[in-house]
file my_file_25.pdb (PDB, C-alpha atoms)
ATOM      1  CA  MET A   1     -58.060-129.274  95.808
ATOM      2  CA  VAL A   2     -58.623-133.019  95.714
ATOM      3  CA  LYS A   3     -61.493-134.121  97.910
ATOM      4  CA  ARG A   4     -60.432-136.696 100.481
ATOM      5  CA  LYS A   5     -62.349-139.945 100.437
ATOM      6  CA  LYS A   6     -63.939-140.857 103.747
ATOM      7  CA  ARG A   7     -65.207-144.038 105.277
ATOM      8  CA  TYR A   8     -67.678-144.520 108.104
ATOM      9  CA  ILE A   9     -67.338-147.368 110.584
ATOM     10  CA  ILE A  10     -70.327-148.435 112.671
ATOM     11  CA  VAL A  11     -69.211-149.891 115.987
ATOM     12  CA  GLU A  12     -71.344-151.588 118.606
ATOM     13  CA  ALA A  13     -70.201-150.954 122.167
ATOM     14  CA  PRO A  14     -71.644-151.261 125.681
ATOM     15  CA  SER A  15     -74.495-148.723 125.943
ATOM     16  CA  GLU A  16     -73.126-147.155 129.146
ATOM     17  CA  LEU A  17     -70.058-145.936 127.243
ATOM     18  CA  SER A  18     -70.336-142.189 126.557
ATOM     19  CA  LEU A  19     -69.272-140.498 123.318
ATOM     20  CA  GLU A  20     -66.409-138.690 125.083
ATOM     21  CA  VAL A  21     -65.035-141.843 126.712
ATOM     22  CA  PHE A  22     -65.285-143.761 123.441
ATOM     23  CA  LYS A  23     -63.509-140.946 121.591
ATOM     24  CA  LYS A  24     -60.657-140.925 124.102
ATOM     25  CA  LEU A  25     -60.439-144.714 124.013
ATOM     26  CA  ILE A  26     -60.099-144.982 120.232
ATOM     27  CA  GLU A  27     -57.713-142.022 119.989
ATOM     28  CA  LYS A  28     -55.466-143.449 122.706
ATOM     29  CA  SER A  29     -55.391-146.842 121.050
ATOM     30  CA  TYR A  30     -54.683-145.387 117.587
ATOM     31  CA  LEU A  31     -51.979-143.126 118.993
ATOM     32  CA  GLU A  32     -50.254-146.077 120.712
ATOM     33  CA  LEU A  33     -50.165-148.085 117.506
ATOM     34  CA  PHE A  34     -49.578-145.483 114.789
ATOM     35  CA  GLY A  35     -48.362-142.318 116.532
ATOM     36  CA  GLU A  36     -49.219-138.640 116.122
ATOM     37  CA  PHE A  37     -48.611-138.544 112.359
ATOM     38  CA  GLY A  38     -50.833-141.565 111.854
ATOM     39  CA  LEU A  39     -53.617-139.992 113.874
ATOM     40  CA  ILE A  40     -53.504-136.772 111.855
ATOM     41  CA  GLU A  41     -53.366-138.706 108.591
ATOM     42  CA  ALA A  42     -56.386-140.816 109.576
ATOM     43  CA  ASN A  43     -58.633-137.763 110.167
ATOM     44  CA  LEU A  44     -60.303-139.740 112.907
ATOM     45  CA  ARG A  45     -63.626-138.399 114.227
ATOM     46  CA  VAL A  46     -66.348-139.972 116.284
ATOM     47  CA  ILE A  47     -69.454-138.385 114.791
ATOM     48  CA  LYS A  48     -72.444-139.728 116.639
ATOM     49  CA  LYS A  49     -73.818-142.215 119.122
ATOM     50  CA  ILE A  50     -77.127-143.894 118.346
ATOM     51  CA  ASP A  51     -78.259-146.246 121.160
ATOM     52  CA  ASN A  52     -75.206-148.463 121.638
ATOM     53  CA  LYS A  53     -73.716-147.763 118.218
ATOM     54  CA  PHE A  54     -70.962-145.278 117.456
ATOM     55  CA  ILE A  55     -70.201-143.856 114.034
ATOM     56  CA  ILE A  56     -66.531-143.195 113.299
ATOM     57  CA  GLU A  57     -65.362-141.155 110.336
ATOM     58  CA  CYS A  58     -61.854-141.667 108.937
ATOM     59  CA  SER A  59     -59.910-141.363 105.702
ATOM     60  CA  HIS A  60     -60.473-144.318 103.357
ATOM     61  CA  ASN A  61     -56.847-145.463 103.393
ATOM     62  CA  SER A  62     -56.761-145.692 107.193
ATOM     63  CA  VAL A  63     -59.803-147.955 107.607
ATOM     64  CA  TYR A  64     -57.848-151.119 108.388
ATOM     65  CA  LYS A  65     -55.684-149.200 110.885
ATOM     66  CA  VAL A  66     -58.805-147.997 112.684
ATOM     67  CA  ILE A  67     -60.182-151.568 112.650
ATOM     68  CA  LEU A  68     -56.931-152.827 114.198
ATOM     69  CA  SER A  69     -57.020-150.072 116.832
ATOM     70  CA  LEU A  70     -60.594-150.983 117.703
ATOM     71  CA  SER A  71     -59.728-154.651 118.030
ATOM     72  CA  SER A  72     -56.839-153.858 120.379
ATOM     73  CA  ILE A  73     -59.298-152.336 122.880
ATOM     74  CA  ARG A  74     -60.243-155.267 125.094
ATOM     75  CA  ARG A  75     -60.408-153.775 128.551
ATOM     76  CA  LEU A  76     -62.082-150.740 130.028
ATOM     77  CA  ASP A  77     -61.452-149.962 133.713
ATOM     78  CA  GLY A  78     -60.233-153.519 134.217
ATOM     79  CA  GLU A  79     -63.401-155.065 132.802
ATOM     80  CA  PRO A  80     -63.402-156.988 129.502
ATOM     81  CA  VAL A  81     -64.985-155.029 126.658
ATOM     82  CA  HIS A  82     -65.558-155.978 123.022
ATOM     83  CA  LEU A  83     -66.165-153.316 120.408
ATOM     84  CA  LYS A  84     -67.910-155.010 117.531
ATOM     85  CA  ILE A  85     -67.507-153.604 114.033
ATOM     86  CA  ILE A  86     -70.867-153.828 112.292
ATOM     87  CA  LYS A  87     -70.214-152.199 108.937
ATOM     88  CA  VAL A  88     -67.782-150.048 106.997
ATOM     89  CA  ALA A  89     -69.703-147.696 104.705
ATOM     90  CA  GLY A  90     -68.755-145.034 102.192
ATOM     91  CA  THR A  91     -71.641-142.632 102.790
ATOM     92  CA  ILE A  92     -73.683-141.338 105.704
ATOM     93  CA  LYS A  93     -76.810-142.401 103.796
ATOM     94  CA  LYS A  94     -75.665-146.030 103.885
ATOM     95  CA  VAL A  95     -74.819-145.725 107.581
ATOM     96  CA  LYS A  96     -78.373-144.551 108.320
ATOM     97  CA  GLU A  97     -79.799-147.450 106.291
ATOM     98  CA  VAL A  98     -77.700-150.000 108.198
ATOM     99  CA  ILE A  99     -78.647-148.556 111.585
ATOM    100  CA  ALA A 100     -82.348-148.493 110.596
ATOM    101  CA  GLU A 101     -82.132-152.168 109.576
ATOM    102  CA  GLU A 102     -80.497-153.266 112.857
TER
ATOM    103  CA  MET B   1     -69.175-162.983  93.229
ATOM    104  CA  VAL B   2     -69.031-165.941  95.624
ATOM    105  CA  ALA B   3     -69.025-164.935  99.287
ATOM    106  CA  ARG B   4     -65.928-165.897 101.257
ATOM    107  CA  LYS B   5     -66.233-168.718 103.747
ATOM    108  CA  PHE B   6     -64.347-167.551 106.814
ATOM    109  CA  ILE B   7     -62.669-169.933 109.206
ATOM    110  CA  ASP B   8     -61.063-169.294 112.577
ATOM    111  CA  PHE B   9     -58.012-171.563 112.506
ATOM    112  CA  TRP B  10     -57.476-171.766 116.270
ATOM    113  CA  ILE B  11     -59.819-171.588 119.202
ATOM    114  CA  HIS B  12     -58.518-173.067 122.432
ATOM    115  CA  LEU B  13     -61.119-174.716 124.661
ATOM    116  CA  THR B  14     -60.189-174.804 128.324
ATOM    117  CA  GLY B  15     -63.571-175.854 129.693
ATOM    118  CA  GLU B  16     -63.878-172.735 131.846
ATOM    119  CA  GLU B  17     -66.129-170.902 129.394
ATOM    120  CA  ASP B  18     -69.666-171.586 128.226
ATOM    121  CA  LEU B  19     -69.249-173.407 124.900
ATOM    122  CA  SER B  20     -72.591-172.246 123.470
ATOM    123  CA  GLU B  21     -71.631-168.638 124.199
ATOM    124  CA  ILE B  22     -68.408-169.102 122.200
ATOM    125  CA  LEU B  23     -70.296-170.678 119.289
ATOM    126  CA  LEU B  24     -72.953-167.957 119.296
ATOM    127  CA  GLU B  25     -70.235-165.295 119.085
ATOM    128  CA  VAL B  26     -68.413-167.238 116.334
ATOM    129  CA  LYS B  27     -71.637-167.381 114.325
ATOM    130  CA  LYS B  28     -72.360-163.664 114.898
ATOM    131  CA  LEU B  29     -68.864-162.734 113.709
ATOM    132  CA  GLY B  30     -69.495-164.484 110.400
ATOM    133  CA  PHE B  31     -67.375-167.633 110.617
ATOM    134  CA  LYS B  32     -68.598-170.776 108.879
ATOM    135  CA  SER B  33     -66.136-173.002 110.645
ATOM    136  CA  VAL B  34     -63.633-173.149 113.495
ATOM    137  CA  VAL B  35     -60.624-175.302 114.262
ATOM    138  CA  ALA B  36     -60.511-176.086 117.967
ATOM    139  CA  SER B  37     -57.874-177.462 120.272
ATOM    140  CA  SER B  38     -58.948-178.582 123.705
ATOM    141  CA  THR B  39     -57.550-179.674 127.002
ATOM    142  CA  SER B  40     -59.761-182.769 127.058
ATOM    143  CA  ASP B  41     -61.591-185.027 124.575
ATOM    144  CA  SER B  42     -64.965-184.613 126.283
ATOM    145  CA  ILE B  43     -64.904-180.804 125.885
ATOM    146  CA  TYR B  44     -64.131-181.171 122.185
ATOM    147  CA  GLU B  45     -66.910-183.748 121.669
ATOM    148  CA  GLU B  46     -69.430-181.484 123.398
ATOM    149  CA  PHE B  47     -68.239-178.508 121.337
ATOM    150  CA  LYS B  48     -68.570-180.480 118.095
ATOM    151  CA  LYS B  49     -72.095-181.585 119.007
ATOM    152  CA  LEU B  50     -73.083-177.996 119.852
ATOM    153  CA  GLY B  51     -71.568-176.851 116.558
ATOM    154  CA  GLU B  52     -74.216-178.802 114.647
ATOM    155  CA  THR B  53     -76.939-176.859 116.489
ATOM    156  CA  TYR B  54     -75.351-173.520 115.606
ATOM    157  CA  GLU B  55     -74.461-174.638 112.043
ATOM    158  CA  VAL B  56     -70.748-174.085 112.588
ATOM    159  CA  ILE B  57     -68.433-176.805 111.295
ATOM    160  CA  ILE B  58     -65.854-177.835 113.887
ATOM    161  CA  TYR B  59     -62.481-179.367 113.117
ATOM    162  CA  ARG B  60     -59.932-180.666 115.572
ATOM    163  CA  LYS B  61     -56.471-179.281 116.016
ATOM    164  CA  LEU B  62     -53.446-180.506 117.890
ATOM    165  CA  VAL B  63     -50.871-177.963 118.958
ATOM    166  CA  LEU B  64     -47.430-179.416 119.656
ATOM    167  CA  GLU B  65     -44.750-177.569 121.576
ATOM    168  CA  PRO B  66     -41.741-179.918 121.366
ATOM    169  CA  GLU B  67     -38.381-179.280 122.984
ATOM    170  CA  ASP B  68     -36.355-180.872 120.205
ATOM    171  CA  ARG B  69     -36.509-182.512 116.781
ATOM    172  CA  MET B  70     -36.874-186.075 118.059
ATOM    173  CA  SER B  71     -39.892-185.366 120.256
ATOM    174  CA  LEU B  72     -41.543-183.504 117.365
ATOM    175  CA  LEU B  73     -41.077-186.444 114.991
ATOM    176  CA  LYS B  74     -42.267-188.905 117.634
ATOM    177  CA  ASN B  75     -45.450-186.909 118.283
ATOM    178  CA  LEU B  76     -46.141-186.452 114.571
ATOM    179  CA  ARG B  77     -45.923-190.234 114.045
ATOM    180  CA  LYS B  78     -48.248-190.823 116.979
ATOM    181  CA  PHE B  79     -50.955-188.210 116.366
ATOM    182  CA  ARG B  80     -51.101-187.358 112.638
ATOM    183  CA  GLY B  81     -53.953-189.761 111.878
ATOM    184  CA  GLY B  82     -56.239-188.445 114.610
ATOM    185  CA  TYR B  83     -56.443-184.726 113.912
ATOM    186  CA  GLU B  84     -57.535-182.581 110.983
ATOM    187  CA  VAL B  85     -54.886-179.955 111.741
ATOM    188  CA  ILE B  86     -51.498-180.129 113.448
ATOM    189  CA  SER B  87     -49.637-176.943 114.384
ATOM    190  CA  VAL B  88     -46.228-176.645 115.939
ATOM    191  CA  ILE B  89     -45.097-173.901 118.308
ATOM    192  CA  CYS B  90     -41.440-173.380 117.454
ATOM    193  CA  ASN B  91     -39.484-172.382 120.540
ATOM    194  CA  ASN B  92     -36.092-173.025 118.983
ATOM    195  CA  LEU B  93     -34.448-173.098 115.573
ATOM    196  CA  GLU B  94     -34.027-176.886 115.537
ATOM    197  CA  VAL B  95     -37.793-177.417 115.883
ATOM    198  CA  ALA B  96     -38.560-174.614 113.397
ATOM    199  CA  LEU B  97     -36.288-176.123 110.727
ATOM    200  CA  THR B  98     -37.801-179.593 111.177
ATOM    201  CA  ALA B  99     -41.419-178.373 111.269
ATOM    202  CA  ALA B 100     -40.876-176.089 108.277
ATOM    203  CA  ARG B 101     -40.195-178.965 105.901
ATOM    204  CA  ASP B 102     -42.276-181.816 107.369
ATOM    205  CA  SER B 103     -45.419-182.365 105.292
ATOM    206  CA  ARG B 104     -47.277-183.734 108.340
ATOM    207  CA  VAL B 105     -47.201-180.262 109.895
ATOM    208  CA  ASP B 106     -49.874-177.843 108.729
ATOM    209  CA  SER B 107     -48.765-174.616 110.333
ATOM    210  CA  LEU B 108     -45.849-173.186 112.259
ATOM    211  CA  ILE B 109     -46.461-170.839 115.166
ATOM    212  CA  LEU B 110     -43.630-168.532 116.124
ATOM    213  CA  PRO B 111     -44.147-167.343 119.714
ATOM    214  CA  PRO B 112     -43.551-163.653 120.560
ATOM    215  CA  GLY B 113     -40.640-164.407 122.864
ATOM    216  CA  LYS B 114     -38.771-166.672 120.440
ATOM    217  CA  MET B 115     -35.022-166.635 120.886
ATOM    218  CA  PHE B 116     -33.966-167.233 117.284
ATOM    219  CA  ARG B 117     -34.074-165.243 114.078
ATOM    220  CA  ILE B 118     -35.859-166.203 110.919
ATOM    221  CA  ASP B 119     -32.861-166.565 108.664
ATOM    222  CA  LYS B 120     -32.143-167.704 105.122
ATOM    223  CA  GLY B 121     -32.074-171.320 106.344
ATOM    224  CA  VAL B 122     -35.684-171.263 107.534
ATOM    225  CA  ALA B 123     -36.819-169.237 104.520
ATOM    226  CA  SER B 124     -35.269-171.633 101.989
ATOM    227  CA  LEU B 125     -36.714-174.752 103.640
ATOM    228  CA  ILE B 126     -40.199-173.646 104.474
ATOM    229  CA  SER B 127     -43.063-175.449 102.790
ATOM    230  CA  ASN B 128     -45.729-175.130 105.496
ATOM    231  CA  SER B 129     -47.919-172.151 106.384
ATOM    232  CA  ILE B 130     -47.086-169.719 109.151
ATOM    233  CA  GLU B 131     -49.813-168.991 111.679
ATOM    234  CA  LEU B 132     -50.150-165.737 113.595
ATOM    235  CA  PRO B 133     -52.393-166.025 116.680
ATOM    236  CA  PHE B 134     -54.164-162.672 117.162
ATOM    237  CA  LYS B 135     -54.517-163.139 120.930
ATOM    238  CA  TRP B 136     -50.882-162.163 121.323
ATOM    239  CA  PHE B 137     -51.698-158.834 119.693
ATOM    240  CA  ILE B 138     -54.561-158.225 122.113
ATOM    241  CA  ASP B 139     -52.303-159.050 125.068
ATOM    242  CA  GLU B 140     -50.521-155.776 125.833
ATOM    243  CA  ALA B 141     -47.508-157.516 127.383
ATOM    244  CA  ALA B 142     -46.840-159.605 124.271
ATOM    245  CA  ARG B 143     -47.981-157.088 121.645
ATOM    246  CA  ARG B 144     -44.649-155.506 120.751
ATOM    247  CA  ASP B 145     -42.895-158.865 120.366
ATOM    248  CA  PHE B 146     -45.816-160.253 118.387
ATOM    249  CA  ILE B 147     -45.714-157.325 115.932
ATOM    250  CA  ARG B 148     -41.942-157.830 115.585
ATOM    251  CA  VAL B 149     -42.427-161.519 114.756
ATOM    252  CA  ALA B 150     -45.315-160.767 112.376
ATOM    253  CA  ASN B 151     -43.202-158.161 110.630
ATOM    254  CA  GLU B 152     -40.282-160.612 110.273
ATOM    255  CA  VAL B 153     -42.650-163.246 108.878
ATOM    256  CA  ILE B 154     -44.090-160.859 106.314
ATOM    257  CA  ASN B 155     -40.732-159.450 105.256
ATOM    258  CA  TYR B 156     -38.859-162.739 104.918
ATOM    259  CA  LEU B 157     -41.429-165.485 104.459
ATOM    260  CA  SER B 158     -44.543-164.030 102.779
ATOM    261  CA  SER B 159     -43.078-164.576  99.308
ATOM    262  CA  LYS B 160     -42.125-168.188 100.156
ATOM    263  CA  THR B 161     -45.214-169.428 101.954
ATOM    264  CA  SER B 162     -48.774-168.582 102.957
ATOM    265  CA  ILE B 163     -49.771-166.846 106.185
ATOM    266  CA  ILE B 164     -52.800-167.651 108.336
ATOM    267  CA  VAL B 165     -54.214-165.434 111.070
ATOM    268  CA  SER B 166     -56.175-167.151 113.829
ATOM    269  CA  SER B 167     -57.734-165.772 117.004
ATOM    270  CA  TYR B 168     -56.369-168.300 119.592
ATOM    271  CA  ALA B 169     -59.349-167.257 121.697
ATOM    272  CA  SER B 170     -60.433-169.196 124.732
ATOM    273  CA  LYS B 171     -63.050-166.684 125.905
ATOM    274  CA  PRO B 172     -65.912-165.160 123.871
ATOM    275  CA  TYR B 173     -64.587-161.600 124.180
ATOM    276  CA  GLU B 174     -61.215-162.676 122.748
ATOM    277  CA  LEU B 175     -62.829-163.678 119.442
ATOM    278  CA  CYS B 176     -62.342-161.339 116.491
ATOM    279  CA  SER B 177     -64.179-160.859 113.221
ATOM    280  CA  PRO B 178     -62.416-162.011 110.013
ATOM    281  CA  HIS B 179     -61.781-158.394 108.987
ATOM    282  CA  GLU B 180     -60.195-157.636 112.361
ATOM    283  CA  LEU B 181     -57.893-160.635 111.951
ATOM    284  CA  ALA B 182     -56.978-159.619 108.402
ATOM    285  CA  SER B 183     -56.308-156.000 109.390
ATOM    286  CA  ILE B 184     -52.991-156.932 111.088
ATOM    287  CA  LEU B 185     -51.620-158.151 107.743
ATOM    288  CA  GLN B 186     -52.925-155.076 105.906
ATOM    289  CA  VAL B 187     -51.212-152.790 108.391
ATOM    290  CA  LEU B 188     -47.965-154.673 107.796
ATOM    291  CA  GLY B 189     -48.203-154.147 104.044
ATOM    292  CA  ILE B 190     -50.118-157.116 102.635
ATOM    293  CA  GLU B 191     -52.851-156.229 100.165
ATOM    294  CA  ARG B 192     -56.501-156.656 101.188
ATOM    295  CA  LYS B 193     -57.311-159.702  99.035
ATOM    296  CA  THR B 194     -54.326-161.719 100.282
ATOM    297  CA  ALA B 195     -55.046-160.627 103.866
ATOM    298  CA  LEU B 196     -58.607-161.936 103.602
ATOM    299  CA  ASP B 197     -57.329-165.179 102.039
ATOM    300  CA  SER B 198     -55.436-165.759 105.298
ATOM    301  CA  VAL B 199     -58.739-166.223 107.133
ATOM    302  CA  SER B 200     -60.624-167.991 104.352
ATOM    303  CA  THR B 201     -59.159-169.802 101.332
ATOM    304  CA  ILE B 202     -55.725-170.703 102.760
ATOM    305  CA  PRO B 203     -57.007-172.455 105.924
ATOM    306  CA  TRP B 204     -59.842-174.064 103.931
ATOM    307  CA  SER B 205     -57.399-175.593 101.469
ATOM    308  CA  ILE B 206     -55.423-177.118 104.384
ATOM    309  CA  ILE B 207     -58.608-178.576 105.878
ATOM    310  CA  GLU B 208     -59.775-179.972 102.518
ATOM    311  CA  ARG B 209     -56.364-181.549 101.890
ATOM    312  CA  ASN B 210     -56.276-183.165 105.334
ATOM    313  CA  LYS B 211     -59.886-184.370 105.171
ATOM    314  CA  LEU B 212     -58.965-186.223 101.999
ATOM    315  CA  LYS B 213     -55.854-187.688 103.634
ATOM    316  CA  LEU B 214     -57.850-188.889 106.648
ATOM    317  CA  SER B 215     -60.576-190.517 104.535
ATOM    318  CA  PRO B 216     -60.464-194.343 104.312
ATOM    319  CA  ASN B 217     -60.288-194.114 100.495
ATOM    320  CA  TYR B 218     -56.957-192.294 100.527
ATOM    321  CA  ILE B 219     -54.016-194.442  99.511
ATOM    322  CA  ALA B 220     -51.225-192.054  98.548
ATOM    323  CA  LYS B 221     -50.812-188.533  97.167
ATOM    324  CA  GLY B 222     -52.956-188.441  94.014
ATOM    325  CA  VAL B 223     -54.209-192.015  94.503
ATOM    326  CA  LEU B 224     -57.743-192.676  95.804
ATOM    327  CA  LYS B 225     -59.720-195.890  96.109
ATOM    328  CA  ILE B 226     -62.977-195.571  94.126
ATOM    329  CA  GLY B 227     -66.022-197.723  94.839
TER
END

call {"tool": "encode", "arguments": {"input": "my_file_25.pdb", "output": "structure tokens"}}
result
Amino acid sequence: MVKRKKRYIIVEAPSELSLEVFKKLIEKSYLELFGEFGLIEANLRVIKKIDNKFIIECSHNSVYKVILSLSSIRRLDGEPVHLKIIKVAGTIKKVKEVIAEE
Amino acid sequence: MVARKFIDFWIHLTGEEDLSEILLEVKKLGFKSVVASSTSDSIYEEFKKLGETYEVIIYRKLVLEPEDRMSLLKNLRKFRGGYEVISVICNNLEVALTAARDSRVDSLILPPGKMFRIDKGVASLISNSIELPFKWFIDEAARRDFIRVANEVINYLSSKTSIIVSSYASKPYELCSPHELASILQVLGIERKTALDSVSTIPWSIIERNKLKLSPNYIAKGVLKIG
């Protein structure tokens, strides 16, 4: 079986946002734009929250779709919110390095 | 490999927001330069002065929204010498056809609610870039129409002309990183390199060309006064 390539996206968000809420937010946005098939194809997972940073895992050929979904999220409960993409990395090791540097 | 110099081709200054906050966000997002339109001259002057502090180069843009061909031509004659960039919002086919072939226009903006189709006529005449303001994607009410227009542009015009993606932000939270702006083109089928060119090399080449035209040494296309 061919191993699927993954990418990790580090996203900075307001610190009061919980992992569950963030997960729902990104899934809803992705679903609206690319549908059920797109969501399954993307293998989207929110792995971890470190301080105000979230780590998203997705398939490597869906990265730009995830970026677009993230940029379409501009409001949360009526308040303006900006999810800032810090880095797209290919390995968890690199993700840890980037977070340690920040 | 030389790093890309990213440029946000349209920020709209209304005077309601803190200008230093906008510039700080622009800098954080990785832009070297922005093209700003403003509701008044004083706001633009203040923004340009602040830009020097934040090491962001500011250029001035005029956005025209004419009703017909004659008013477009009149405004182009009047304002071309005073702005680095002139964009035209095309609300009807007559304006789109005129703006598409006029060399004084730098970019054409097709609004989400446009009432005409991009047909063979527009495609065969077009010599200017098409600009897609990302704010209309963020706006949920305009999103579907914006994607439809962007899709039309890519299908019918991407082989004929270049495409630019700008933020059209007027508030700090409306600003987007260059990769966010480029992602809309990638989703619609443009390859990554060309998508990133739409927020870097393509707008830069327009700015460079216009800076040369506005310099006192410029005489005609290909002719410069030396010394």

call {"tool": "interface_residues", "arguments": {"input": "my_file_25.pdb", "of": "chain B", "to": "chain A", "cutoff": "6 Å", "atoms": "only C-alpha atoms", "output": "PyMOL selection string"}}
result
chain B and resi 138+173+183

call {"tool": "resolve_selection", "arguments": {"input": "my_file_25.pdb", "expression": "the PyMOL selection byres ((chain A and resi 35-46) around 8)", "output": "list in words"}}
result
Leu19, Lys23, Glu27, Tyr30, Leu31, Glu32, Leu33, Phe34, Ile47, Lys48, Phe54, Ile55, Ile56, Glu57, Cys58, Ser59, Asn61 and Ser62 of chain A

call {"tool": "resolve_selection", "arguments": {"input": "my_file_25.pdb", "expression": "the PyMOL selection byres ((chain B and resi 156) around 12)", "output": "PyMOL selection string"}}
result
chain B and resi 117-124+126+130+149-155+157-163

call {"tool": "residues_around", "arguments": {"input": "my_file_25.pdb", "residues": "segment 1-16 of chain B", "least_positions_apart": "3", "cutoff": "8 Å", "atoms": "all atoms listed in the file", "output": "number ranges by chain"}}
result
B: 19, 30-39, 43-44, 61, 133, 164-170, 178, 199-201, 203-204

call {"tool": "resolve_selection", "arguments": {"input": "my_file_25.pdb", "expression": "the PyMOL selection byres ((chain B and resi 209-225) around 8)", "output": "MDAnalysis selection string"}}
result
chainID B and resid 81 84:85 205:208 226:227

call {"tool": "write_last_selection", "arguments": {"input": "my_file_25.pdb", "atoms": "C-alpha atoms", "output": "PDB file, in the frame of the given file"}}
result
ATOM      1  CA  GLY B  81     -53.953-189.761 111.878  1.00  0.00           C
ATOM      2  CA  GLU B  84     -57.535-182.581 110.983  1.00  0.00           C
ATOM      3  CA  VAL B  85     -54.886-179.955 111.741  1.00  0.00           C
ATOM      4  CA  SER B 205     -57.399-175.593 101.469  1.00  0.00           C
ATOM      5  CA  ILE B 206     -55.423-177.118 104.384  1.00  0.00           C
ATOM      6  CA  ILE B 207     -58.608-178.576 105.878  1.00  0.00           C
ATOM      7  CA  GLU B 208     -59.775-179.972 102.518  1.00  0.00           C
ATOM      8  CA  ILE B 226     -62.977-195.571  94.126  1.00  0.00           C
ATOM      9  CA  GLY B 227     -66.022-197.723  94.839  1.00  0.00           C
TER      10      GLY B 227
END

call {"tool": "atom_distance", "arguments": {"input": "my_file_25.pdb", "atom1": "atom CA of Leu72 of chain B", "atom2": "atom CA of Ile109 of chain B"}}
result
13.8 Å

call {"tool": "atom_distance", "arguments": {"input": "my_file_25.pdb", "atom1": "atom CA of Pro172 of chain B", "atom2": "atom CA of Gly82 of chain B"}}
result
26.9 Å

call {"tool": "residues_around", "arguments": {"input": "my_file_25.pdb", "residues": "Asp145 of chain B", "least_positions_apart": "6", "cutoff": "10 Å", "atoms": "all atoms listed in the file", "output": "list in words"}}
result
Pro111, Pro112, Gly113, Lys114, Trp136, Phe137 and Asn151 of chain B

call {"tool": "closest_residue", "arguments": {"input": "my_file_25.pdb", "among": "B:Tyr83, B:Asn75, B:His179, B:Ile22", "to": "Asp41 of chain B", "atoms": "all atoms listed in the file"}}
result
B:Tyr83

call {"tool": "residues_near_point", "arguments": {"input": "my_file_25.pdb", "point": "(-67.0, -147.3, 103.6)", "cutoff": "6 Å", "atoms": "only C-alpha atoms", "output": "list of chain:residue names"}}
result
A:Arg7, A:Tyr8, A:Val88, A:Ala89, A:Gly90

call {"tool": "closest_residue", "arguments": {"input": "my_file_25.pdb", "among": "A:Ile9, A:Lys28, A:Glu16, A:Lys49", "to": "Val95 of chain A", "atoms": "all atoms listed in the file"}}
result
A:Ile9

call {"tool": "atom_distance", "arguments": {"input": "my_file_25.pdb", "atom1": "atom CA of Val105 of chain B", "atom2": "atom CA of Val88 of chain B"}}
result
7.1 Å

call {"tool": "closest_residue", "arguments": {"input": "my_file_25.pdb", "among": "A:Lys53, A:Lys24, A:Ser29, A:Ile92", "to": "Lys6 of chain A", "atoms": "all atoms listed in the file"}}
result
A:Ile92
